[in-house]
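Source file: target06.csv (CSV, C-alpha atoms)
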```
chain,number,residue,atom,x,y,z
R,14,MET,CA,27.7,81.6,46.7
R,15,SER,CA,24.3,80.4,47.7
R,16,ALA,CA,21.3,79.6,45.7
R,17,ARG,CA,18.7,79.7,48.5
R,18,HIS,CA,16.6,81.6,46.0
R,19,PRO,CA,17.3,79.8,42.7
R,20,SER,CA,17.7,82.0,39.6
R,21,PRO,CA,14.3,83.0,38.2
R,22,LEU,CA,15.7,82.5,34.7
R,23,ALA,CA,16.8,79.0,35.5
R,24,VAL,CA,13.5,78.1,37.1
R,25,THR,CA,11.6,79.6,34.1
R,26,LEU,CA,13.7,77.4,31.8
R,27,LEU,CA,12.9,74.4,33.9
R,28,ASP,CA,9.2,75.2,33.9
R,29,ARG,CA,9.0,75.9,30.2
R,30,VAL,CA,11.1,73.0,28.9
R,31,VAL,CA,11.4,70.1,31.4
R,32,VAL,CA,8.2,68.1,31.9
R,33,ASN,CA,9.4,65.9,34.7
R,34,GLU,CA,7.7,67.5,37.7
R,35,ALA,CA,9.5,65.3,40.2
R,36,LEU,CA,12.9,66.3,38.8
R,37,LYS,CA,11.9,70.0,38.9
R,38,GLY,CA,10.7,69.7,42.5
R,39,ASP,CA,14.0,67.9,43.5
R,40,LEU,CA,16.1,70.7,41.9
R,41,VAL,CA,14.1,73.5,43.6
R,42,GLU,CA,14.3,71.7,46.9
R,43,SER,CA,18.0,71.1,46.5
R,44,ALA,CA,18.7,74.7,45.5
R,45,THR,CA,18.3,75.8,49.1
R,46,GLU,CA,21.5,74.0,50.1
R,47,ARG,CA,23.5,74.1,46.9
R,48,SER,CA,25.4,76.8,45.0
R,49,SER,CA,23.9,78.6,42.1
R,50,ALA,CA,26.6,77.1,39.8
R,51,TRP,CA,25.4,73.6,40.8
R,52,PHE,CA,21.8,74.6,40.1
R,53,TRP,CA,22.6,76.0,36.7
R,54,GLN,CA,24.6,72.8,35.9
R,55,GLN,CA,21.7,70.6,36.9
R,56,VAL,CA,19.3,72.7,34.8
R,57,PHE,CA,21.6,72.5,31.8
R,58,PHE,CA,21.9,68.7,32.0
R,59,ALA,CA,18.1,68.4,32.6
R,60,LEU,CA,17.5,70.3,29.3
R,61,LEU,CA,20.1,68.1,27.6
R,62,ALA,CA,18.5,64.9,28.9
R,63,GLN,CA,15.0,66.2,27.9
R,64,THR,CA,16.2,66.9,24.4
R,65,ILE,CA,18.0,63.5,24.0
R,66,SER,CA,14.9,61.7,25.4
R,67,GLY,CA,12.6,63.6,23.0
R,68,VAL,CA,14.8,62.8,20.0
R,69,LYS,CA,14.9,59.1,21.0
R,70,ALA,CA,11.1,59.0,21.7
R,71,THR,CA,10.1,60.7,18.4
R,72,PRO,CA,12.8,60.4,15.8
R,73,ARG,CA,10.3,61.2,12.9
R,74,VAL,CA,9.1,64.4,14.6
R,75,THR,CA,12.7,65.4,15.3
R,76,THR,CA,13.7,64.9,11.7
R,77,GLU,CA,10.7,66.9,10.6
R,78,ALA,CA,11.4,69.6,13.1
R,79,VAL,CA,15.0,69.9,11.8
R,80,LEU,CA,13.8,70.1,8.2
R,81,VAL,CA,11.2,72.7,9.0
R,82,ALA,CA,13.7,74.8,11.0
R,83,THR,CA,16.2,74.6,8.1
R,84,ALA,CA,13.4,75.8,5.7
R,85,MET,CA,12.6,78.6,8.0
R,86,LEU,CA,16.2,79.7,8.4
R,87,THR,CA,16.5,79.7,4.7
R,88,LEU,CA,13.5,82.0,4.5
R,89,ILE,CA,15.1,84.3,7.0
R,90,GLY,CA,17.8,84.8,4.4
R,91,PHE,CA,15.1,85.2,1.9
R,92,ASN,CA,13.6,88.0,4.0
R,93,ALA,CA,16.9,89.8,4.6
R,94,VAL,CA,18.4,89.6,1.2
R,95,VAL,CA,16.2,88.5,-1.7
R,96,VAL,CA,13.0,90.3,-0.9
R,97,ALA,CA,14.9,93.4,0.0
R,98,ASN,CA,16.8,93.4,-3.2
R,99,LEU,CA,13.7,92.6,-5.3
R,100,LEU,CA,11.9,95.6,-3.7
R,101,THR,CA,14.9,97.8,-4.4
R,102,GLN,CA,14.7,96.8,-8.1
R,103,LEU,CA,11.0,97.5,-8.1
R,104,LEU,CA,11.7,100.9,-6.7
R,105,LEU,CA,14.3,101.6,-9.4
R,106,LEU,CA,12.3,100.3,-12.4
R,107,ASN,CA,8.8,101.6,-11.7
R,108,ASP,CA,7.3,105.0,-11.3
R,109,ALA,CA,4.0,103.8,-10.0
R,110,GLY,CA,2.2,106.2,-7.6
R,111,TRP,CA,2.2,103.8,-4.7
R,112,ILE,CA,6.0,103.7,-4.8
R,113,LEU,CA,6.2,107.5,-4.9
R,114,ALA,CA,3.9,107.5,-1.8
R,115,SER,CA,6.3,105.2,0.0
R,116,GLY,CA,8.7,106.4,2.7
R,117,ARG,CA,6.0,108.5,4.3
R,118,PHE,CA,7.5,107.8,7.6
R,119,ALA,CA,11.1,107.9,6.4
R,120,GLY,CA,12.0,110.2,9.3
R,121,TRP,CA,11.0,107.5,11.6
R,122,GLN,CA,13.2,104.9,10.0
R,123,ILE,CA,14.9,104.2,13.3
R,124,TYR,CA,11.7,102.9,14.7
R,125,ALA,CA,11.2,100.5,11.7
R,126,ALA,CA,12.3,97.7,14.0
R,127,ALA,CA,9.2,97.9,16.1
R,128,PRO,CA,6.6,96.8,13.4
R,129,LEU,CA,9.1,94.3,12.0
R,130,PHE,CA,9.5,92.8,15.5
R,131,ALA,CA,5.7,92.9,16.1
R,132,ILE,CA,5.0,91.1,12.8
R,133,ALA,CA,7.6,88.5,13.7
R,134,VAL,CA,6.1,87.8,17.2
R,135,LEU,CA,2.5,87.6,15.9
R,136,SER,CA,3.6,85.4,13.0
R,137,GLY,CA,5.6,83.2,15.4
R,138,ARG,CA,2.6,82.9,17.7
R,139,ALA,CA,0.4,81.8,14.8
R,140,ILE,CA,3.0,79.3,13.5
R,141,GLY,CA,3.5,77.9,17.1
R,142,ALA,CA,-0.3,77.3,17.3
R,143,PHE,CA,-0.5,75.0,14.3
R,144,HIS,CA,3.0,74.1,13.0
R,145,ARG,CA,2.9,70.5,14.3
R,146,GLU,CA,-0.2,69.6,12.4
R,147,HIS,CA,0.3,71.8,9.3
R,148,ARG,CA,4.0,72.0,8.7
R,149,VAL,CA,3.8,73.1,5.0
R,150,TRP,CA,1.3,75.9,5.9
R,151,ALA,CA,3.7,76.9,8.7
R,152,ILE,CA,6.5,77.3,6.2
R,153,LEU,CA,4.3,79.2,3.7
R,154,GLY,CA,3.0,81.4,6.6
R,155,TYR,CA,6.6,82.1,7.6
R,156,GLY,CA,7.5,83.1,4.0
R,157,LEU,CA,4.4,85.3,3.8
R,158,SER,CA,5.2,87.0,7.1
R,159,ALA,CA,8.8,87.6,6.1
R,160,SER,CA,7.6,89.2,2.8
R,161,MET,CA,5.0,91.2,4.6
R,162,ALA,CA,7.6,92.5,7.1
R,163,ALA,CA,9.9,93.5,4.3
R,164,PHE,CA,7.0,95.3,2.5
R,165,VAL,CA,5.8,97.2,5.5
R,166,ASN,CA,9.3,98.5,6.2
R,167,PHE,CA,9.9,99.3,2.6
R,168,TYR,CA,6.6,101.1,2.1
R,169,LEU,CA,6.5,103.1,5.3
R,170,PHE,CA,10.1,103.8,6.0
R,171,VAL,CA,12.2,103.7,2.9
R,172,PRO,CA,12.1,107.0,0.9
R,173,SER,CA,11.6,106.6,-2.9
R,174,VAL,CA,15.0,108.0,-3.8
R,175,PRO,CA,16.6,106.5,-6.9
R,176,LEU,CA,19.4,104.1,-6.1
R,177,GLN,CA,18.4,104.1,-2.5
R,178,PRO,CA,19.2,100.6,-1.3
R,179,PHE,CA,16.5,98.9,0.8
R,180,ILE,CA,18.8,97.8,3.5
R,181,PRO,CA,22.1,99.6,3.0
R,182,SER,CA,24.7,97.5,4.6
R,183,PRO,CA,25.3,93.8,5.2
R,184,ALA,CA,25.5,94.5,8.9
R,185,GLN,CA,22.0,96.0,8.8
R,186,GLN,CA,20.7,93.1,6.7
R,187,THR,CA,22.1,90.7,9.3
R,188,ALA,CA,20.6,92.8,12.2
R,189,VAL,CA,17.2,92.9,10.5
R,190,ALA,CA,17.3,89.1,9.9
R,191,LEU,CA,18.3,88.4,13.5
R,192,LEU,CA,15.6,90.8,14.8
R,193,PHE,CA,13.0,89.1,12.7
R,194,ALA,CA,14.2,85.6,13.7
R,195,GLY,CA,14.3,86.6,17.4
R,196,GLY,CA,10.7,87.8,17.2
R,197,LEU,CA,9.6,84.6,15.5
R,198,PHE,CA,11.2,82.4,18.1
R,199,ILE,CA,9.7,84.5,20.9
R,200,GLY,CA,6.3,84.2,19.3
R,201,ILE,CA,6.7,80.4,18.7
R,202,SER,CA,7.9,79.8,22.2
R,203,SER,CA,5.0,81.7,23.7
R,204,ARG,CA,3.0,78.6,22.8
R,205,SER,CA,4.0,75.4,24.5
R,206,THR,CA,5.3,72.8,22.1
R,207,CYS,CA,4.5,70.2,24.7
R,208,GLU,CA,0.8,70.6,24.4
R,209,SER,CA,0.1,68.7,21.2
R,210,LEU,CA,2.6,66.0,22.1
R,211,SER,CA,1.3,65.4,25.6
R,212,SER,CA,-2.3,65.2,24.3
R,213,SER,CA,-1.3,62.5,21.9
R,214,SER,CA,0.7,60.3,24.3
R,215,PRO,CA,-0.3,58.6,27.5
R,216,ALA,CA,0.5,60.2,30.8
R,217,SER,CA,4.0,59.2,31.9
R,218,HIS,CA,6.9,60.4,34.0
R,219,SER,CA,9.1,60.3,30.9
R,220,PRO,CA,9.9,63.6,29.2
R,221,ARG,CA,7.9,64.0,25.9
R,222,CYS,CA,8.7,67.4,24.5
R,223,LEU,CA,11.4,68.7,22.2
R,224,ILE,CA,13.0,72.0,23.0
J,5,MET,CA,15.1,45.4,25.0
J,6,ALA,CA,15.7,44.8,28.6
J,7,ARG,CA,19.2,44.0,29.7
J,8,ASP,CA,19.9,41.2,32.3
J,9,TYR,CA,22.8,43.0,33.9
J,10,LEU,CA,23.2,46.3,35.8
J,11,THR,CA,25.6,49.1,35.1
J,12,ASP,CA,27.6,50.4,38.0
J,13,PHE,CA,25.4,53.5,38.0
J,14,GLU,CA,22.2,51.5,38.1
J,15,LEU,CA,23.6,49.3,40.9
J,16,MET,CA,24.5,52.4,42.9
J,17,ILE,CA,21.0,53.8,42.4
J,18,LEU,CA,19.3,50.5,43.5
J,19,LEU,CA,21.6,50.2,46.6
J,20,SER,CA,20.9,53.9,47.5
J,21,ILE,CA,17.1,53.3,47.3
J,22,LEU,CA,17.5,50.3,49.6
J,23,ARG,CA,19.7,52.3,52.0
J,24,VAL,CA,17.3,55.3,52.1
J,25,GLY,CA,14.2,53.1,52.6
J,26,ASP,CA,10.6,54.4,52.4
J,27,GLU,CA,11.6,58.1,51.8
J,28,ALA,CA,13.5,57.3,48.7
J,29,TYR,CA,12.9,60.1,46.2
J,30,GLY,CA,15.3,62.0,44.0
J,31,VAL,CA,17.0,64.2,46.6
J,32,PRO,CA,17.9,61.6,49.2
J,33,ILE,CA,18.8,59.1,46.6
J,34,ALA,CA,21.3,61.5,45.0
J,35,ARG,CA,22.6,62.6,48.4
J,36,GLU,CA,23.2,58.9,49.4
J,37,MET,CA,25.1,58.3,46.1
J,38,GLU,CA,27.2,61.4,46.8
J,39,THR,CA,28.0,60.8,50.4
J,40,THR,CA,28.3,57.0,50.5
J,41,GLY,CA,29.1,56.4,46.9
J,42,GLY,CA,31.6,59.3,46.7
J,43,ARG,CA,30.6,60.5,43.3
J,44,THR,CA,29.0,63.7,41.9
J,45,VAL,CA,25.5,63.1,40.7
J,46,VAL,CA,23.5,64.8,38.0
J,47,LEU,CA,19.8,64.5,39.0
J,48,SER,CA,18.5,64.2,35.5
J,49,ALA,CA,20.9,61.3,34.9
J,50,VAL,CA,19.5,59.6,38.0
J,51,TYR,CA,15.9,60.0,36.7
J,52,THR,CA,16.9,58.7,33.2
J,53,ALA,CA,18.4,55.6,34.9
J,54,LEU,CA,15.4,55.3,37.2
J,55,ASP,CA,13.0,55.5,34.2
J,56,ARG,CA,15.0,52.7,32.5
J,57,LEU,CA,15.0,50.6,35.7
J,58,GLU,CA,11.2,51.1,36.0
J,59,GLU,CA,10.7,50.1,32.4
J,60,ASN,CA,12.7,46.9,33.1
J,61,GLY,CA,10.6,46.2,36.2
J,62,LEU,CA,13.5,46.6,38.7
J,63,VAL,CA,11.9,49.6,40.5
J,64,SER,CA,8.4,50.9,41.0
J,65,SER,CA,7.4,54.5,41.7
J,66,SER,CA,4.5,56.4,43.2
J,67,MET,CA,3.7,60.1,43.4
J,68,GLY,CA,3.5,61.9,46.8
J,69,ASP,CA,1.7,65.1,47.7
J,70,PRO,CA,2.9,68.5,46.4
J,71,THR,CA,4.9,70.5,49.0
J,72,PRO,CA,5.6,74.2,49.3
J,73,GLU,CA,9.4,73.9,49.6
J,74,ARG,CA,9.4,72.2,46.2
J,75,GLY,CA,7.4,75.0,44.6
J,76,GLY,CA,4.2,72.9,44.8
J,77,ARG,CA,5.6,70.0,43.0
J,78,ALA,CA,5.1,66.4,44.1
J,79,LYS,CA,7.8,63.9,45.1
J,80,ARG,CA,8.2,60.7,43.2
J,81,PHE,CA,9.0,57.8,45.6
J,82,PHE,CA,10.9,54.7,44.4
J,83,ARG,CA,11.0,51.2,45.7
J,84,VAL,CA,13.1,48.3,44.6
J,85,THR,CA,10.9,45.4,43.2
J,86,PRO,CA,11.7,41.7,43.9
J,87,ALA,CA,13.1,41.6,40.4
J,88,GLY,CA,15.4,44.5,41.3
J,89,LEU,CA,16.6,42.8,44.4
J,90,LYS,CA,17.3,39.7,42.4
J,91,ALA,CA,19.3,41.7,39.9
J,92,VAL,CA,21.3,43.3,42.7
J,93,ARG,CA,22.1,39.9,44.2
J,94,GLN,CA,23.1,38.5,40.8
J,95,THR,CA,25.4,41.5,40.2
J,96,ARG,CA,27.0,41.2,43.6
J,97,LYS,CA,27.6,37.5,43.0
J,98,ALA,CA,29.1,38.1,39.6
J,99,LEU,CA,31.3,40.9,40.9
J,100,THR,CA,32.4,38.8,43.9
J,101,GLN,CA,33.3,35.9,41.6
J,102,LEU,CA,35.3,38.2,39.4
J,103,TRP,CA,37.0,39.7,42.4
J,104,THR,CA,38.0,36.3,43.9
J,105,GLY,CA,41.5,35.1,43.4
J,106,LEU,CA,42.9,38.4,42.0
J,107,THR,CA,46.3,38.4,43.7
J,108,GLN,CA,47.1,41.8,42.1
J,109,LEU,CA,44.4,43.4,44.3
J,110,GLU,CA,45.3,41.8,47.6
J,111,GLY,CA,47.1,43.9,50.1
J,112,GLY,CA,47.9,46.8,47.8
J,113,ARG,CA,46.6,50.3,47.9
J,114,SER,CA,45.9,50.7,44.2
```
Kindly present the structure from the file in C-alpha cells form.
Amino acid sequence: MSARHPSPLAVTLLDRVVVNEALKGDLVESATERSSAWFWQQVFFALLAQTISGVKATPRVTTEAVLVATAMLTLIGFNAVVVANLLTQLLLLNDAGWILASGRFAGWQIYAAAPLFAIAVLSGRAIGAFHREHRVWAILGYGLSASMAAFVNFYLFVPSVPLQPFIPSPAQQTAVALLFAGGLFIGISSRSTCESLSSSSPASHSPRCLI
Amino acid sequence: MARDYLTDFELMILLSILRVGDEAYGVPIAREMETTGGRTVVLSAVYTALDRLEENGLVSSSMGDPTPERGGRAKRFFRVTPAGLKAVRQTRKALTQLWTGLTQLEGGRS
C-alpha cells in the first residue's frame, strides 16, 4: 500500500493544525516512499505532540478553553432540551396570534435541519472570530444562537397543534443537538485558532496553537 | 531548566546529526536513526527532542529554501554545537565507565 500521493484529508489536517512547517515538509517528502498507514500514524502523533506542546506552553489558555468548551456543551443541552420544552409549554399555554401563525412551513419539516445548520455555522464563525479575546461574549453569543435556532425551527416548522411536542423523541433531540454542535464546530474551525496566538508570540519553530 | 545529561533518544539524535553531516534535516536524521539505530522513529518526537536540544544550546538550526517535493515547505537544517559535542563525549564517557567491569555482559549474547 503506497502513499505516493498522501491522503488529502491527512494533509489538510496537517495544514490546519500543525504549525511546524519543517515537520510538515518532512512528512510530505517521506510520504513518497512510505505506506499510507505510516503517514497517518505520523500525522496522528504530530497532532498529539502539537496539542501537548500547546497545553504546556499556555496552561492558562488551555484551562480557559476547557471551561468555555464545557459551558458551550452545557448550552447544547440547553438548546436541545430546555428551550425546546419551554417553547412547547408556551405553545400549550398561550393562544397568541403569532403562535397560531407558526408552523407555516410544517410540511417542510424535514428541511428544518438546513436553517438550523446554517445558523450554527454562522454563529460558530462569529464565535471563532472573537472568542479568544471575549470569552464571556462568546458564551452568551452561543446561548443566543442556540435559542434563535430553536425559535426559528419552532416558528417555521412546528405546527401549532395542542400537545404537539417540539422535538418528539430523545433520538431526534440528540440528532438536533449533534447537528447544531457540528455546525458550530465547522464554523469555529473555519477561522484559524492559531492567528491570535501567533500574533501575540514571537516567531518560533515551536508549535503554538491548540487544536 | 536545562539538564546536564542526555537521554538515549537525544544521544541517538545528536549522533545521527553528526553522521548525516551538512544535510541533516528531519528526513535523513530519522532515516539514520532507523537504519543505523534500528528503531522506529516518530518524526514529531524527533522535532520535540530537537526543540529541547536547541533550547539547551546543544544544537542549532537554520531554515533552507522551500522545495516542490515538500509541497513548497522549507527544510530545517540542524548542526551540533560545541556544547552538544561536549555533552555527547560526556555521555559516552559515563556509559563507558558504567560498562567497564561488568562480567555479566562479557561474552554472552544477552
task: Using all atoms listed in the file, find which residues of chain R lie within 12 Å of chain J and jot them down as a ChimeraX atom specification.
output: /R:17-19,24,27-28,31-47,51-66,217-220
message: Need to verify the contact set: Met37 (chain J), 12 Å, all atoms listed in the file, exclusion of same-chain residues closer than 2 positions in sequence. Can you return it as a VMD selection string?
response: chain J and resid 12 to 24 28 30 to 35 39 to 47 50
- prompt: Suppose you want the space between CA of Ala91 (chain J) and CA of Leu109 (chain J); what is it in Å?
  reply: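 CA of Leu109 (chain J) lies at a distance of 25.5 Å from CA of Ala91 (chain J).
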task: Have a look at J:Leu89, J:Leu102, J:Val84, J:Leu10 and name the one nearest to Ser64 (chain J); count only C-alpha atoms.
output: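 The closest residue to Ser64 (chain J) is J:Val84.
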- prompt: Got a sec: who's within 10 Å of region 131-133 of chain R, counting only C-alpha atoms, leaving out chain neighbours fewer than 2 positions off, as a list in words?
  reply: Ala126, Ala127, Pro128, Leu129, Leu135, Ser136, Gly137, Arg138, Ala139, Tyr155, Ser158, Ala159, Met161, Ala162, Val165, Leu192, Phe193, Ala194, Gly195, Gly196, Leu197, Phe198, Ile199, Gly200 and Ile201 of chain R
Among the residues J:Thr85, J:Glu110, J:Glu38, J:Arg93, the one that comes closest to Asn60 (chain J) [using all atoms listed in the file]: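 That would be J:Thr85, the residue with the smallest distance to Asn60 (chain J).
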query: Please, what distance in Å, to one decimal, runs between CA of Ala50 (chain R) and CA of Val68 (chain R)?
result: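 Computing the Euclidean distance for CA of Ala50 (chain R) and CA of Val68 (chain R) yields 27.1 Å.
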message: If I take CA of Val92 (chain J) and CA of Gly25 (chain J), how far is one from the other in Å, to one decimal?
response: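 If I compute the distance from CA of Val92 (chain J) to CA of Gly25 (chain J), I get 15.6 Å.
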query: Which one is closest to Val74 (chain R): R:Ala151, R:Leu191, R:Glu146, R:Leu22? Count all atoms listed in the file.
result: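 That would be R:Glu146, the residue with the smallest distance to Val74 (chain R).
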